>>> print(open('model_28.cif').read())   # mmCIF, C-alpha atoms (C1' of nucleotides)
data_coords
loop_
_atom_site.label_atom_id
_atom_site.label_comp_id
_atom_site.auth_asym_id
_atom_site.auth_seq_id
_atom_site.Cartn_x
_atom_site.Cartn_y
_atom_site.Cartn_z
CA MET J 1 0.00 0.00 0.00
CA LYS J 2 2.68 2.31 -1.14
CA GLY J 3 1.14 5.57 -2.21
CA MET J 4 -1.25 5.26 0.62
CA GLU J 5 1.26 5.43 3.45
CA LYS J 6 2.61 8.67 2.16
CA ILE J 7 -0.70 10.51 2.10
CA LEU J 8 -2.75 9.00 4.91
CA ASP J 9 -1.60 8.52 8.47
CA GLN J 10 -3.35 6.55 11.18
CA THR J 11 -5.43 9.56 12.17
CA ASP J 12 -6.72 10.00 8.61
CA LEU J 13 -7.64 6.32 8.49
CA ARG J 14 -9.42 6.61 11.80
CA ILE J 15 -11.35 9.63 10.53
CA LEU J 16 -12.37 7.73 7.42
CA ASP J 17 -13.50 4.80 9.52
CA GLU J 18 -15.62 6.93 11.82
CA LEU J 19 -17.16 8.86 8.94
CA SER J 20 -17.96 5.63 7.12
CA LYS J 21 -19.91 4.56 10.21
CA ASN J 22 -21.66 7.88 10.76
CA SER J 23 -21.01 10.69 8.34
CA ARG J 24 -23.23 13.03 10.34
CA ILE J 25 -21.01 12.79 13.41
CA THR J 26 -20.30 16.21 14.91
CA MET J 27 -16.83 17.50 14.37
CA LYS J 28 -16.59 17.86 18.13
CA GLU J 29 -17.27 14.16 18.68
CA LEU J 30 -15.01 13.10 15.83
CA SER J 31 -12.21 15.26 17.24
CA GLU J 32 -12.57 13.51 20.60
CA LYS J 33 -12.30 10.12 18.90
CA VAL J 34 -9.07 11.04 17.10
CA HIS J 35 -7.60 13.13 19.94
CA LEU J 36 -7.33 16.41 18.04
CA SER J 37 -9.09 19.72 18.44
CA SER J 38 -12.23 20.36 16.40
CA PRO J 39 -10.62 22.83 13.97
CA ALA J 40 -7.68 20.47 13.38
CA THR J 41 -10.07 17.59 12.73
CA SER J 42 -12.19 19.72 10.45
CA ALA J 43 -9.11 20.73 8.48
CA ARG J 44 -8.17 17.05 8.13
CA VAL J 45 -11.61 16.15 6.81
CA GLU J 46 -11.54 19.08 4.40
CA LYS J 47 -8.19 17.87 3.13
CA LEU J 48 -9.56 14.36 2.55
CA VAL J 49 -12.46 15.87 0.57
CA THR J 50 -10.24 18.22 -1.43
CA ALA J 51 -7.87 15.35 -2.26
CA GLY J 52 -10.84 13.39 -3.61
CA ILE J 53 -10.35 10.57 -1.12
CA ILE J 54 -13.76 11.31 0.32
CA GLU J 55 -15.87 11.63 -2.81
CA GLY J 56 -19.05 12.46 -0.97
CA TYR J 57 -21.30 12.02 2.01
CA THR J 58 -24.22 9.74 1.47
CA ILE J 59 -26.76 7.43 3.09
CA LYS J 60 -27.31 3.70 3.16
CA VAL J 61 -30.89 3.03 2.17
CA ASN J 62 -32.80 -0.17 2.82
CA GLN J 63 -33.95 -1.08 -0.68
CA LEU J 64 -36.52 -3.60 0.57
CA LYS J 65 -38.17 -0.89 2.66
CA MET J 66 -38.05 1.36 -0.37
CA GLY J 67 -40.07 -1.23 -2.22
CA TYR J 68 -37.30 -2.81 -4.27
CA PHE J 69 -37.74 -6.48 -3.48
CA VAL J 70 -35.58 -7.86 -6.26
CA HIS J 71 -31.82 -7.38 -6.33
CA ALA J 72 -30.17 -8.73 -9.43
CA MET J 73 -26.80 -9.14 -11.10
CA ILE J 74 -26.89 -9.42 -14.86
CA SER J 75 -23.88 -10.46 -16.91
CA VAL J 76 -24.07 -8.84 -20.30
CA ILE J 77 -22.54 -10.16 -23.50
CA MET J 78 -22.74 -7.93 -26.54
CA LYS J 79 -24.38 -9.30 -29.66
CA GLY J 80 -22.27 -7.12 -31.86
CA SER J 81 -19.67 -4.43 -31.48
CA HIS J 82 -22.03 -1.47 -31.04
CA HIS J 83 -22.35 -0.59 -27.37
CA GLU J 84 -24.27 2.64 -27.79
CA PRO J 85 -27.83 1.26 -28.10
CA TYR J 86 -27.25 -0.85 -24.96
CA LEU J 87 -25.83 2.12 -23.05
CA SER J 88 -28.77 4.28 -24.14
CA TYR J 89 -31.23 1.67 -22.95
CA ILE J 90 -29.48 1.51 -19.57
CA LYS J 91 -29.83 5.29 -19.28
CA THR J 92 -33.59 5.05 -19.78
CA GLN J 93 -33.70 2.51 -16.95
CA ALA J 94 -31.78 4.63 -14.44
CA PRO J 95 -34.17 4.09 -11.47
CA PHE J 96 -33.43 0.36 -11.63
CA VAL J 97 -29.70 0.41 -12.38
CA LEU J 98 -27.36 0.58 -9.38
CA GLN J 99 -24.10 -0.10 -11.25
CA ASN J 100 -23.00 -0.77 -14.80
CA TYR J 101 -19.49 -2.18 -14.52
CA LYS J 102 -17.36 -2.74 -17.57
CA ILE J 103 -15.57 -6.03 -16.90
CA SER J 104 -12.98 -8.38 -18.25
CA GLY J 105 -13.78 -12.04 -18.65
CA ASP J 106 -16.56 -13.85 -20.44
CA SER J 107 -18.90 -10.90 -20.28
CA CYS J 108 -18.55 -7.26 -21.28
CA TYR J 109 -20.62 -5.59 -18.56
CA LEU J 110 -21.95 -6.52 -15.17
CA LEU J 111 -25.17 -4.81 -14.24
CA GLU J 112 -26.29 -4.47 -10.67
CA CYS J 113 -30.03 -3.70 -10.55
CA LYS J 114 -32.96 -3.34 -8.18
CA PHE J 115 -36.62 -3.88 -9.12
CA PRO J 116 -39.92 -3.64 -7.24
CA SER J 117 -41.04 -7.01 -8.59
CA ASN J 118 -40.23 -9.87 -10.91
CA GLU J 119 -42.69 -8.44 -13.40
CA VAL J 120 -40.69 -5.25 -13.69
CA LEU J 121 -37.48 -7.28 -13.88
CA ASP J 122 -38.99 -9.26 -16.73
CA GLU J 123 -39.97 -6.13 -18.63
CA PHE J 124 -36.46 -4.81 -18.16
CA LEU J 125 -34.98 -8.05 -19.49
CA VAL J 126 -37.30 -8.04 -22.51
CA GLY J 127 -36.01 -4.60 -23.40
CA LEU J 128 -32.43 -5.59 -22.68
CA SER J 129 -32.55 -8.66 -24.91
CA GLU J 130 -33.05 -6.42 -27.95
CA PHE J 131 -29.46 -5.28 -27.54
CA VAL J 132 -27.47 -7.95 -25.78
CA ASN J 133 -27.39 -11.49 -24.49
CA TYR J 134 -27.35 -11.79 -20.74
CA LYS J 135 -27.12 -14.12 -17.78
CA LEU J 136 -29.24 -13.42 -14.73
CA SER J 137 -28.34 -14.00 -11.08
CA ILE J 138 -30.68 -13.03 -8.28
CA ILE J 139 -29.04 -11.88 -5.09
CA ILE J 140 -30.60 -13.84 -2.26
CA SER J 141 -28.72 -12.14 0.56
CA LYS J 142 -25.68 -10.06 1.29
CA MET L 1 -44.56 0.11 -5.26
CA LYS L 2 -47.34 -0.61 -2.90
CA GLY L 3 -45.96 -0.43 0.60
CA MET L 4 -43.86 2.47 -0.41
CA GLU L 5 -46.68 4.85 -1.30
CA LYS L 6 -48.22 4.40 2.07
CA ILE L 7 -45.09 5.27 4.04
CA LEU L 8 -43.16 7.78 1.95
CA ASP L 9 -44.53 10.93 0.46
CA GLN L 10 -42.82 13.27 -1.97
CA THR L 11 -41.18 15.21 0.83
CA ASP L 12 -39.64 12.05 2.26
CA LEU L 13 -38.32 11.10 -1.17
CA ARG L 14 -36.88 14.57 -1.60
CA ILE L 15 -35.20 14.32 1.79
CA LEU L 16 -33.71 10.94 0.85
CA ASP L 17 -32.48 12.36 -2.43
CA GLU L 18 -30.80 15.35 -0.81
CA LEU L 19 -29.22 13.23 1.93
CA SER L 20 -27.94 10.76 -0.65
CA LYS L 21 -26.17 13.67 -2.33
CA ASN L 22 -24.84 15.23 0.86
CA SER L 23 -25.55 13.54 4.13
CA ARG L 24 -23.79 16.30 6.05
CA ILE L 25 -26.24 18.94 4.85
CA THR L 26 -27.41 21.19 7.68
CA MET L 27 -30.92 20.60 8.80
CA LYS L 28 -31.53 24.27 8.17
CA GLU L 29 -30.56 23.96 4.51
CA LEU L 30 -32.43 20.70 4.06
CA SER L 31 -35.53 22.26 5.57
CA GLU L 32 -35.32 25.11 3.06
CA LYS L 33 -35.10 22.62 0.19
CA VAL L 34 -38.22 20.75 1.31
CA HIS L 35 -40.12 23.83 2.49
CA LEU L 36 -40.59 22.76 6.10
CA SER L 37 -39.21 24.17 9.31
CA SER L 38 -35.98 22.72 10.70
CA PRO L 39 -37.62 20.82 13.57
CA ALA L 40 -40.22 19.32 11.24
CA THR L 41 -37.49 18.25 8.81
CA SER L 42 -35.41 16.83 11.62
CA ALA L 43 -38.40 14.83 12.84
CA ARG L 44 -38.93 13.49 9.31
CA VAL L 45 -35.31 12.37 9.06
CA GLU L 46 -35.49 10.78 12.50
CA LYS L 47 -38.55 8.88 11.38
CA LEU L 48 -36.80 7.59 8.28
CA VAL L 49 -33.92 6.39 10.45
CA THR L 50 -36.20 4.81 13.07
CA ALA L 51 -38.16 3.02 10.33
CA GLY L 52 -34.89 1.57 9.02
CA ILE L 53 -35.28 3.20 5.64
CA ILE L 54 -32.12 5.16 6.24
CA GLU L 55 -29.78 2.46 7.53
CA GLY L 56 -26.87 4.81 8.12
CA TYR L 57 -24.88 7.81 7.09
CA THR L 58 -21.68 7.04 5.28
CA ILE L 59 -19.04 8.29 2.85
CA LYS L 60 -18.10 7.44 -0.70
CA VAL L 61 -14.40 6.71 -0.77
CA ASN L 62 -12.19 6.73 -3.85
CA GLN L 63 -10.64 3.28 -3.67
CA LEU L 64 -7.92 4.11 -6.19
CA LYS L 65 -6.78 7.01 -4.03
CA MET L 66 -6.87 4.68 -1.06
CA GLY L 67 -4.41 2.48 -2.88
CA TYR L 68 -6.80 -0.22 -4.05
CA PHE L 69 -6.02 -0.41 -7.73
CA VAL L 70 -7.73 -3.69 -8.47
CA HIS L 71 -11.53 -4.06 -8.30
CA ALA L 72 -12.72 -7.59 -8.87
CA MET L 73 -15.86 -9.68 -9.07
CA ILE L 74 -15.41 -13.35 -8.29
CA SER L 75 -18.09 -15.93 -8.98
CA VAL L 76 -17.79 -18.71 -6.46
CA ILE L 77 -18.88 -22.31 -6.97
CA MET L 78 -18.67 -24.58 -3.96
CA LYS L 79 -16.62 -27.74 -4.26
CA GLY L 80 -18.77 -29.52 -1.74
CA SER L 81 -21.66 -28.73 0.52
CA HIS L 82 -19.73 -27.23 3.43
CA HIS L 83 -19.83 -23.44 3.24
CA GLU L 84 -18.24 -22.77 6.61
CA PRO L 85 -14.53 -23.03 5.66
CA TYR L 86 -15.15 -20.65 2.73
CA LEU L 87 -17.04 -18.19 4.91
CA SER L 88 -14.29 -18.31 7.53
CA TYR L 89 -11.66 -17.60 4.91
CA ILE L 90 -13.68 -14.61 3.69
CA LYS L 91 -13.78 -13.30 7.25
CA THR L 92 -9.98 -13.39 7.48
CA GLN L 93 -9.83 -11.35 4.27
CA ALA L 94 -12.20 -8.61 5.45
CA PRO L 95 -10.05 -5.65 4.30
CA PHE L 96 -10.34 -6.88 0.73
CA VAL L 97 -13.96 -8.00 0.67
CA LEU L 98 -16.56 -5.37 -0.22
CA GLN L 99 -19.55 -7.71 -0.63
CA ASN L 100 -20.26 -11.41 -0.38
CA TYR L 101 -23.61 -11.93 -2.10
CA LYS L 102 -25.38 -15.27 -1.99
CA ILE L 103 -26.84 -15.68 -5.46
CA SER L 104 -29.03 -17.90 -7.57
CA GLY L 105 -27.76 -19.18 -10.88
CA ASP L 106 -24.63 -21.08 -11.85
CA SER L 107 -22.66 -19.85 -8.87
CA CYS L 108 -23.35 -19.86 -5.15
CA TYR L 109 -21.74 -16.57 -4.14
CA LEU L 110 -20.62 -13.43 -5.87
CA LEU L 111 -17.68 -11.72 -4.21
CA GLU L 112 -16.93 -8.07 -4.78
CA CYS L 113 -13.32 -7.32 -3.75
CA LYS L 114 -10.68 -4.61 -3.84
CA PHE L 115 -6.92 -5.23 -3.78
CA PRO L 116 -3.86 -2.99 -3.81
CA SER L 117 -2.22 -5.06 -6.54
CA ASN L 118 -2.48 -8.15 -8.71
CA GLU L 119 0.00 -9.83 -6.43
CA VAL L 120 -2.33 -9.49 -3.46
CA LEU L 121 -5.25 -10.62 -5.63
CA ASP L 122 -3.27 -13.70 -6.61
CA GLU L 123 -2.48 -14.54 -3.00
CA PHE L 124 -6.15 -14.16 -2.17
CA LEU L 125 -7.13 -16.48 -5.00
CA VAL L 126 -4.57 -19.08 -3.97
CA GLY L 127 -6.18 -19.16 -0.55
CA LEU L 128 -9.66 -19.17 -2.00
CA SER L 129 -9.01 -22.11 -4.28
CA GLU L 130 -8.50 -24.36 -1.24
CA PHE L 131 -12.20 -24.07 -0.59
CA VAL L 132 -14.04 -23.32 -3.79
CA ASN L 133 -13.83 -23.05 -7.55
CA TYR L 134 -14.18 -19.54 -8.88
CA LYS L 135 -14.39 -17.38 -11.95
CA LEU L 136 -12.65 -14.02 -11.95
CA SER L 137 -13.78 -10.80 -13.60
CA ILE L 138 -11.82 -7.58 -13.24
CA ILE L 139 -13.85 -4.42 -13.18
CA ILE L 140 -12.34 -2.05 -15.70
CA SER L 141 -14.61 0.91 -15.01
CA LYS L 142 -17.93 1.79 -13.49
"C1'" DT C 1 20.64 30.74 12.46
"C1'" DC C 2 16.53 32.45 10.21
"C1'" DC C 3 12.48 31.90 7.56
"C1'" DA C 4 8.66 29.42 5.60
"C1'" DT C 5 5.57 25.80 5.94
"C1'" DT C 6 2.67 22.66 8.17
"C1'" DC C 7 -0.18 21.29 11.69
"C1'" DC C 8 -1.82 22.12 15.63
"C1'" DT C 9 -4.34 24.83 19.89
"C1'" DT C 10 -7.41 28.22 22.07
"C1'" DT C 11 -10.86 31.73 21.97
"C1'" DC C 12 -14.85 33.96 20.46
"C1'" DA C 13 -18.59 35.22 17.31
"C1'" DT C 14 -21.93 33.16 14.56
"C1'" DT C 15 -24.76 29.54 13.14
"C1'" DT C 16 -27.23 25.45 13.80
"C1'" DA C 17 -29.66 21.97 16.43
"C1'" DT C 18 -32.74 20.73 19.89
"C1'" DA C 19 -36.21 21.36 23.45
"C1'" DA C 20 -40.40 23.33 24.60
"C1'" DA C 21 -44.69 25.37 23.80
"C1'" DG C 22 -48.37 26.32 20.86
"C1'" DT C 23 -51.49 25.78 16.55
"C1'" DC C 24 -54.25 23.48 13.25
"C1'" DA C 25 -56.42 19.80 10.76
"C1'" DA C 26 -58.07 15.29 10.60
"C1'" DA C 27 -59.64 11.20 12.67
"C1'" DG C 28 -62.09 8.77 16.08
"C1'" DC C 29 -65.53 8.26 19.66
"C1'" DG C 30 -69.73 8.94 22.37
"C1'" DC O 1 -72.87 16.88 16.12
"C1'" DG O 2 -69.41 18.11 19.55
"C1'" DC O 3 -65.45 16.87 21.95
"C1'" DT O 4 -61.05 14.63 22.41
"C1'" DT O 5 -56.99 12.74 20.65
"C1'" DT O 6 -53.41 12.39 17.45
"C1'" DG O 7 -50.23 13.78 14.10
"C1'" DA O 8 -47.70 17.19 11.77
"C1'" DC O 9 -46.50 21.31 11.75
"C1'" DT O 10 -44.67 26.39 13.48
"C1'" DT O 11 -42.28 29.62 16.47
"C1'" DT O 12 -39.28 30.74 20.21
"C1'" DA O 13 -35.80 29.96 23.62
"C1'" DT O 14 -31.82 27.52 24.92
"C1'" DA O 15 -27.93 24.57 24.17
"C1'" DA O 16 -24.47 23.00 21.29
"C1'" DA O 17 -21.59 23.07 17.32
"C1'" DT O 18 -19.02 25.37 13.75
"C1'" DG O 19 -15.98 28.46 11.62
"C1'" DA O 20 -12.87 32.38 11.73
"C1'" DA O 21 -8.98 34.36 13.69
"C1'" DA O 22 -4.91 34.53 16.29
"C1'" DG O 23 -1.10 32.31 18.19
"C1'" DG O 24 2.35 28.48 18.98
"C1'" DA O 25 5.42 24.53 18.06
"C1'" DA O 26 7.93 21.51 15.11
"C1'" DT O 27 10.22 20.60 10.89
"C1'" DG O 28 12.80 21.42 6.77
"C1'" DG O 29 15.51 24.22 3.74
"C1'" DA O 30 18.69 27.98 2.61
#
>>> encode(input="model_28.cif", output="structure tokens")
Amino acid sequence: MKGMEKILDQTDLRILDELSKNSRITMKELSEKVHLSSPATSARVEKLVTAGIIEGYTIKVNQLKMGYFVHAMISVIMKGSHHEPYLSYIKTQAPFVLQNYKISGDSCYLLECKFPSNEVLDEFLVGLSEFVNYKLSIIISK
Amino acid sequence: MKGMEKILDQTDLRILDELSKNSRITMKELSEKVHLSSPATSARVEKLVTAGIIEGYTIKVNQLKMGYFVHAMISVIMKGSHHEPYLSYIKTQAPFVLQNYKISGDSCYLLECKFPSNEVLDEFLVGLSEFVNYKLSIIISK
DNA sequence: TCCATTCCTTTCATTTATAAAGTCAAAGCG
DNA sequence: CGCTTTGACTTTATAAATGAAAGGAATGGA
């Protein structure tokens, strides 16, 4: 972990850990956890943000409680060499698409998706099959 | 989206959207965006947390800048019916393991991992192959 | 040695969050 | 129908947190 040692010390790592557990922690509390003053801690956090190490503050959402009962991984194999129609279709399906990884291996892309039901998943797959071949895996649990 | 309509109104969805973009937003600013007072907004957020819809506040970290240059998906097929040795091995490799999904389909698990180098990935795979067969895909980009 | 830089501390003014009290509308009950 | 309760809000007061500013210490370079 070469480049990492140079930029991040133990305090930075501790800050990242605490923020990953609760990004709304008060700077006062965070400073107590890392044994610095609040302004020093705040400056550290700002530096992590400016450096792009912290890309953003966000929330973990329970997808089931949001009504997305189906979590799926779809391996995508292109039918031809034109990716654009597939990528356009994925854009139209943004509410369902969590990730669209470009991957090495047997497939070209790996899609992580969420759907409210199997019916919606099926509709999505019908649309998808116009552009690509795919292999479906349903995520049973994390 | 049946259960969802009953629980979440447009304001809740807006709150979730804003918090997903910046979970450190001040309650004052969030309240202005959703046109409620600060205490009312705070109560709404608290309710989303209590209901388990918001599971936590966290950060998005740039893994490359953290020194993890290799992002991999590994499909895991059990050699036998004993999952425990595999699961134990995964526990020992916690710093590298982002997700361990149990999935339907050809494989049993889908592992999402990060590694600082191909060397470390290789070591991981050597260990893994004691327990399971696997198929490796490297994530080239998101 | 001196100066600049970096990283910290303390203090204080300002802002934000929370607690408390009150209001209003809708639902439920007699 | 009238009254009470409940839920969701507002405003105000109080407590807590944040950010700006000033100062200090340690380190590295000339």
>>> closest_atom_pairs(input="model_28.cif", of="chain L", to="chain O", cutoff="10 Å", atoms="all atoms listed in the file", output="tab-separated table")
residue	atom	partner	partner_atom	distance
L:Leu36	CA	O:DC9	C1'	8.3
L:Ser37	CA	O:DT10	C1'	7.2
L:Ser38	CA	O:DT10	C1'	9.8
L:Pro39	CA	O:DT10	C1'	9.0
L:Ala40	CA	O:DC9	C1'	6.6
L:Thr41	CA	O:DC9	C1'	10.0
L:Ala43	CA	O:DA8	C1'	9.7
L:Arg44	CA	O:DA8	C1'	9.8
>>> interface_residues(input="model_28.cif", of="chain C", to="chain J", cutoff="8 Å", atoms="only C-alpha atoms (C1' of nucleotides)", output="PDB file with C-alpha atoms (C1' of nucleotides), keeping the file's coordinate frame")
ATOM      1  C1'  DC C   7      -0.180  21.290  11.690  1.00  0.00           C
ATOM      2  C1'  DC C   8      -1.820  22.120  15.630  1.00  0.00           C
ATOM      3  C1'  DT C   9      -4.340  24.830  19.890  1.00  0.00           C
TER       4       DT C   9
END
>>> atom_distance(input="model_28.cif", atom1="CA of Glu46 (chain J)", atom2="CA of Phe69 (chain L)")
23.6 Å
>>> residues_near_point(input="model_28.cif", point="(-40.6, 19.3, 2.1)", cutoff="8 Å", atoms="only C-alpha atoms (C1' of nucleotides)", output="list of chain:residue names")
L:Gln10, L:Thr11, L:Asp12, L:Arg14, L:Ile15, L:Ser31, L:Glu32, L:Lys33, L:Val34, L:His35, L:Leu36, L:Thr41
>>> write_last_selection(input="model_28.cif", atoms="C-alpha atoms", output="compact mmCIF listing (two decimals), keeping the file's coordinate frame")
# COMPACT_ATOMS: atom_id res chain seq x y z
CA GLN L 10 -42.82 13.27 -1.97
CA THR L 11 -41.18 15.21 0.83
CA ASP L 12 -39.64 12.05 2.26
CA ARG L 14 -36.88 14.57 -1.60
CA ILE L 15 -35.20 14.32 1.79
CA SER L 31 -35.53 22.26 5.57
CA GLU L 32 -35.32 25.11 3.06
CA LYS L 33 -35.10 22.62 0.19
CA VAL L 34 -38.22 20.75 1.31
CA HIS L 35 -40.12 23.83 2.49
CA LEU L 36 -40.59 22.76 6.10
CA THR L 41 -37.49 18.25 8.81
>>> interface_residues(input="model_28.cif", of="chain L", to="chain J", cutoff="9 Å", atoms="only C-alpha atoms", output="ChimeraX atom specification")
/L:1-4,8,16,18-25,51-68,72-73,99-107,109-110,116-117,135-142
>>> resolve_selection(input="model_28.cif", expression="the PyMOL selection byres ((chain J and resi 127) around 12)", output="short mmCIF file (atom, residue, chain, number, x, y, z; two decimals) with C-alpha atoms, in the frame of the given file")
data_model
loop_
_atom_site.label_atom_id
_atom_site.label_comp_id
_atom_site.auth_asym_id
_atom_site.auth_seq_id
_atom_site.Cartn_x
_atom_site.Cartn_y
_atom_site.Cartn_z
CA PRO J 85 -27.83 1.26 -28.10
CA TYR J 86 -27.25 -0.85 -24.96
CA SER J 88 -28.77 4.28 -24.14
CA TYR J 89 -31.23 1.67 -22.95
CA ILE J 90 -29.48 1.51 -19.57
CA THR J 92 -33.59 5.05 -19.78
CA GLN J 93 -33.70 2.51 -16.95
CA VAL J 120 -40.69 -5.25 -13.69
CA LEU J 121 -37.48 -7.28 -13.88
CA ASP J 122 -38.99 -9.26 -16.73
CA GLU J 123 -39.97 -6.13 -18.63
CA PHE J 124 -36.46 -4.81 -18.16
CA LEU J 125 -34.98 -8.05 -19.49
CA VAL J 126 -37.30 -8.04 -22.51
CA LEU J 128 -32.43 -5.59 -22.68
CA SER J 129 -32.55 -8.66 -24.91
CA GLU J 130 -33.05 -6.42 -27.95
CA PHE J 131 -29.46 -5.28 -27.54
CA VAL J 132 -27.47 -7.95 -25.78
CA ASN J 133 -27.39 -11.49 -24.49
CA TYR J 134 -27.35 -11.79 -20.74
#
>>> atom_distance(input="model_28.cif", atom1="CA of Leu87 (chain L)", atom2="CA of Ile74 (chain L)")
14.2 Å
